[in-house]
Protein chains: 2
Amino acid sequence: MSTEDALTTPRPPRTDALRNRRALLAAAAQSFAEHGTDVTIAEIAVRAGIAKGTVFRHFPTKEDLIGAIMGEIIDDLVGTAAGLSTAPDPAAALREFMTHGVERLAGNRGLCEVVGRPSLQQASVRAGIDHLCAVVEALVDRARRAGAIRTEITGADIVLLLAGVHQTAAPVAPAEPQLWRRYLALVFDGIQARDAERLPYSLERLDFTDAEQ
Amino acid sequence: MSTEDALTTPRPPRTDALRNRRALLAAAAQSFAEHGTDVTIAEIAVRAGIAKGTVFRHFPTKEDLIGAIMGEIIDDLVGTAAGLSTAPDPAAALREFMTHGVERLAGNRGLCEVVGRPSLQQASVRAGIDHLCAVVEALVDRARRAGAIRTEITGADIVLLLAGVHQTAAPVAPAEPQLWRRYLALVFDGIQARDAERLPYSLERLDFTDAEQ
DNA sequence: AACCAACATGACCAACGGGTCATCTTGACC
DNA sequence: GGTCAAGATGACCCGTTGGTCATGTTGGTT
């Protein structure tokens, strides 16, 4: 290895470090999904079979760990939306995306908490959501052009409604785990409503600026 | 005062105790509304101008304090619903109730947290919500009979949608404080949808049983 | 005005949880 | 198999917070 290389490309991580990192990510993802972002770092470490200190070696703060995991999940959603953007039936595609999205939210407490938080400081999550809005905007645009949905609906609306539909049913989710489908159907009827009057207010871009404190 | 009385009716609270209690309730209500239920007891005590220990004299645990305040707010909502149950236009009455309800949620962070929590252990809140569902059921029934809304909507649906509509817009509330009106309009269009197919699943009674742990 | 139960007070406690660091271990390269 | 930097470890630190309690204070009653 030349001196040049030593300066430019840092030595690749050791195999045990890589194994630990993977175990950590898997454990954290599962923990956040099941119990939300309030799970203890200590708990995650136990689940991953590593020590607490090792967690902080891989991610300087808990926020960073949350950001890494949630960012990836959101990117996944972006992929789903992108895949549906060329489907034959635009309205069905939009609905399928929403179904997929709410399903995802319903199975991941941590994701809801992160998305629902007014001020999310994690850059990866912020960027992911921006990206998501853009891709969904394309989905919406096709459906709108096909005359399948009211014209004033935006991508940002859809993204917000994803979390909204899930949270509507969330309080009774333990007893009625599928109830969100009911409210998704209701909302989708609202989205399609053709003879209704124009919706008040509007939302072009998601702005998570937090005013408090 | 006879021995009889001393045994049956306990001496009424002292005037300073009553004053402190009122100050405490006012401070707690404001604090919970502004910052959610995570505010410190110490903070509330300062705001009320009393010592921390005094808070625990009036309410044995923080949960009890939260329950007392949220219970009252929910009872207020019940009153509003009851008052609207004889209004001339049933559909308008239902919509007005929902507007009022979401408005209330939007102005009270703590209320959202309590209502949105799957397992709420506070008896006063549980009872209040049950009561609310019943009264709203009457509102819904009138609208249904007037042919103004789809037949499968229940009171429990409306109560869940109250929180749901608010939470949909909550992430951007600092930037767009009125956006919930947009989603309320959307949802209400869905509720009215006459030519749509029947909604999947259903909800007769709210069951907050928590399955976890 | 004297008495006392009700009440107020704030120092104190214990549990918790994110984050640190001195010390030990180990994988990679020679 | 020897060397060493990258990595792992867990005891420890510290701020936070719900809750307690011994002690001091006060409103009502006689």
# chains A, B, ... in the order shown; residues from 1 in each chain; ligands from 1
call {"tool": "interface_residues", "arguments": {"of": "chain C", "to": "chain A", "cutoff": "12 Å", "atoms": "only C-alpha atoms (C1' of nucleotides)", "output": "ChimeraX atom specification"}}
result
/C:16-21,25-29
call {"tool": "interface_residues", "arguments": {"of": "chain D", "to": "chain A", "cutoff": "8 Å", "atoms": "only C-alpha atoms (C1' of nucleotides)", "output": "number ranges by chain"}}
result
D: 6-10
call {"tool": "closest_residue", "arguments": {"among": "B:His58, B:Arg142, B:Arg22, B:Arg194", "to": "chain A", "atoms": "only C-alpha atoms"}}
result
B:Arg194
call {"tool": "interface_residues", "arguments": {"of": "chain A", "to": "chain B", "cutoff": "7 Å", "atoms": "only C-alpha atoms", "output": "PyMOL selection string"}}
result
chain A and resi 116-118+160-161+163-165+167-172+174-175+179+181-182+185-187+189-191+193+199-201+206-211
call {"tool": "write_last_selection", "arguments": {"atoms": "N, CA and C atoms", "output": "short mmCIF file (atom, residue, chain, number, x, y, z; two decimals), in the first residue's frame"}}
result
data_model
loop_
_atom_site.label_atom_id
_atom_site.label_comp_id
_atom_site.auth_asym_id
_atom_site.auth_seq_id
_atom_site.Cartn_x
_atom_site.Cartn_y
_atom_site.Cartn_z
N GLY A 116 -43.66 11.47 12.38
CA GLY A 116 -44.66 12.34 12.98
C GLY A 116 -44.08 13.49 13.77
N ARG A 117 -42.80 13.44 14.02
CA ARG A 117 -42.17 14.47 14.83
C ARG A 117 -42.05 15.76 14.04
N PRO A 118 -42.56 16.87 14.56
CA PRO A 118 -42.50 18.14 13.85
C PRO A 118 -41.07 18.53 13.49
N LEU A 160 -48.13 13.05 4.14
CA LEU A 160 -48.71 13.33 5.45
C LEU A 160 -49.86 12.38 5.75
N LEU A 161 -50.67 12.10 4.73
CA LEU A 161 -51.82 11.22 4.93
C LEU A 161 -51.41 9.79 5.28
N ALA A 163 -48.95 8.84 7.24
CA ALA A 163 -48.81 8.78 8.70
C ALA A 163 -50.16 9.03 9.37
N GLY A 164 -50.93 9.93 8.80
CA GLY A 164 -52.22 10.26 9.39
C GLY A 164 -53.16 9.08 9.44
N VAL A 165 -53.27 8.37 8.34
CA VAL A 165 -54.16 7.21 8.29
C VAL A 165 -53.74 6.18 9.32
N GLN A 167 -52.00 6.65 12.08
CA GLN A 167 -52.20 7.12 13.44
C GLN A 167 -53.67 7.19 13.83
N THR A 168 -54.54 7.33 12.86
CA THR A 168 -55.96 7.31 13.16
C THR A 168 -56.35 5.99 13.80
N ALA A 169 -55.85 4.92 13.23
CA ALA A 169 -56.21 3.59 13.71
C ALA A 169 -55.31 3.07 14.82
N ALA A 170 -54.16 3.73 15.00
CA ALA A 170 -53.15 3.24 15.94
C ALA A 170 -53.65 2.99 17.37
N PRO A 171 -54.49 3.88 17.91
CA PRO A 171 -54.88 3.67 19.31
C PRO A 171 -55.54 2.31 19.56
N VAL A 172 -56.21 1.78 18.55
CA VAL A 172 -56.88 0.49 18.75
C VAL A 172 -56.18 -0.63 17.97
N PRO A 174 -53.83 -2.73 18.68
CA PRO A 174 -53.69 -4.05 19.30
C PRO A 174 -54.96 -4.90 19.15
N ALA A 175 -56.11 -4.25 19.24
CA ALA A 175 -57.37 -4.99 19.15
C ALA A 175 -57.83 -5.15 17.70
N LEU A 179 -57.56 -2.21 11.01
CA LEU A 179 -58.52 -1.12 10.88
C LEU A 179 -58.04 0.02 10.00
N ARG A 181 -57.00 -0.06 7.17
CA ARG A 181 -57.51 -0.23 5.79
C ARG A 181 -58.84 0.49 5.62
N ARG A 182 -59.62 0.52 6.68
CA ARG A 182 -60.90 1.21 6.65
C ARG A 182 -60.69 2.70 6.41
N ALA A 185 -59.34 3.56 2.98
CA ALA A 185 -60.42 3.55 1.98
C ALA A 185 -61.21 4.86 2.05
N LEU A 186 -61.48 5.29 3.29
CA LEU A 186 -62.23 6.52 3.49
C LEU A 186 -61.49 7.71 2.90
N VAL A 187 -60.20 7.81 3.23
CA VAL A 187 -59.39 8.91 2.74
C VAL A 187 -59.26 8.85 1.21
N ASP A 189 -61.37 7.70 -0.84
CA ASP A 189 -62.63 8.20 -1.40
C ASP A 189 -62.61 9.72 -1.42
N GLY A 190 -62.07 10.28 -0.34
CA GLY A 190 -61.98 11.74 -0.27
C GLY A 190 -61.05 12.29 -1.34
N ILE A 191 -59.98 11.57 -1.59
CA ILE A 191 -59.01 12.00 -2.60
C ILE A 191 -59.62 11.97 -4.00
N ALA A 193 -62.91 12.22 -4.62
CA ALA A 193 -64.15 13.00 -4.69
C ALA A 193 -64.11 13.99 -5.84
N LEU A 199 -60.62 21.83 -1.85
CA LEU A 199 -60.16 21.77 -0.47
C LEU A 199 -59.57 23.11 -0.04
N PRO A 200 -59.78 23.49 1.22
CA PRO A 200 -59.20 24.74 1.70
C PRO A 200 -57.71 24.56 1.97
N TYR A 201 -56.99 25.65 1.99
CA TYR A 201 -55.55 25.66 2.27
C TYR A 201 -54.82 24.76 1.27
N LEU A 206 -43.11 20.09 2.31
CA LEU A 206 -43.11 19.82 3.74
C LEU A 206 -42.02 20.66 4.40
N ASP A 207 -42.43 21.40 5.41
CA ASP A 207 -41.48 22.23 6.14
C ASP A 207 -41.58 21.87 7.61
N PHE A 208 -40.52 21.19 8.07
CA PHE A 208 -40.56 20.68 9.44
C PHE A 208 -39.94 21.64 10.46
N THR A 209 -39.80 22.88 10.05
CA THR A 209 -39.26 23.86 10.98
C THR A 209 -40.05 23.83 12.28
N ASP A 210 -39.31 23.83 13.38
CA ASP A 210 -39.98 23.79 14.67
C ASP A 210 -39.91 25.17 15.31
N ALA A 211 -41.05 25.64 15.75
CA ALA A 211 -41.11 26.99 16.29
C ALA A 211 -40.83 27.05 17.78
#
call {"tool": "closest_residue", "arguments": {"among": "B:Gly107, B:Val140, B:Gln122, B:Thr154", "to": "Gly36 of chain B", "atoms": "only C-alpha atoms"}}
result
B:Gly107
call {"tool": "residues_around", "arguments": {"residues": "Ala143 of chain A", "least_positions_apart": "4", "cutoff": "12 Å", "atoms": "only C-alpha atoms (C1' of nucleotides)", "output": "CSV table (one decimal) with C-alpha atoms, in the first residue's frame"}}
result
chain,number,residue,atom,x,y,z
A,84,LEU,CA,-45.0,2.1,-9.2
A,85,SER,CA,-44.6,5.3,-11.2
A,86,THR,CA,-44.8,3.4,-14.5
A,87,ALA,CA,-47.7,1.0,-13.6
A,88,PRO,CA,-50.5,0.9,-16.1
A,89,ASP,CA,-53.3,2.2,-13.8
A,90,PRO,CA,-52.2,5.5,-12.2
A,91,ALA,CA,-54.9,5.6,-9.5
A,92,ALA,CA,-54.4,2.0,-8.6
A,93,ALA,CA,-50.7,2.6,-8.4
A,94,LEU,CA,-51.2,5.6,-6.0
A,95,ARG,CA,-53.5,3.5,-3.9
A,136,VAL,CA,-44.8,10.6,-4.9
A,137,GLU,CA,-45.5,13.9,-6.6
A,138,ALA,CA,-44.8,12.0,-9.9
A,139,LEU,CA,-47.3,9.3,-8.9
A,147,GLY,CA,-58.5,12.4,-14.0
A,148,ALA,CA,-58.6,9.9,-11.2
A,149,ILE,CA,-58.1,12.2,-8.3
A,150,ARG,CA,-59.0,15.8,-7.3
A,151,THR,CA,-56.6,18.2,-8.9
A,152,GLU,CA,-55.4,20.0,-5.7
A,153,ILE,CA,-53.8,17.0,-4.1
A,154,THR,CA,-50.0,17.1,-3.8
A,155,GLY,CA,-47.3,14.7,-3.1
A,191,ILE,CA,-59.0,12.0,-2.6
A,192,GLN,CA,-61.1,10.9,-5.5
call {"tool": "atom_distance", "arguments": {"atom1": "atom CA of Asp75 of chain A", "atom2": "atom CA of Val46 of chain A"}}
result
27.4 Å
call {"tool": "atom_distance", "arguments": {"atom1": "atom CA of Glu113 of chain B", "atom2": "atom CA of Asp38 of chain A"}}
result
15.1 Å
call {"tool": "atom_distance", "arguments": {"atom1": "atom C1' of DA14 of chain C", "atom2": "atom CA of Ala27 of chain B"}}
result
27.4 Å
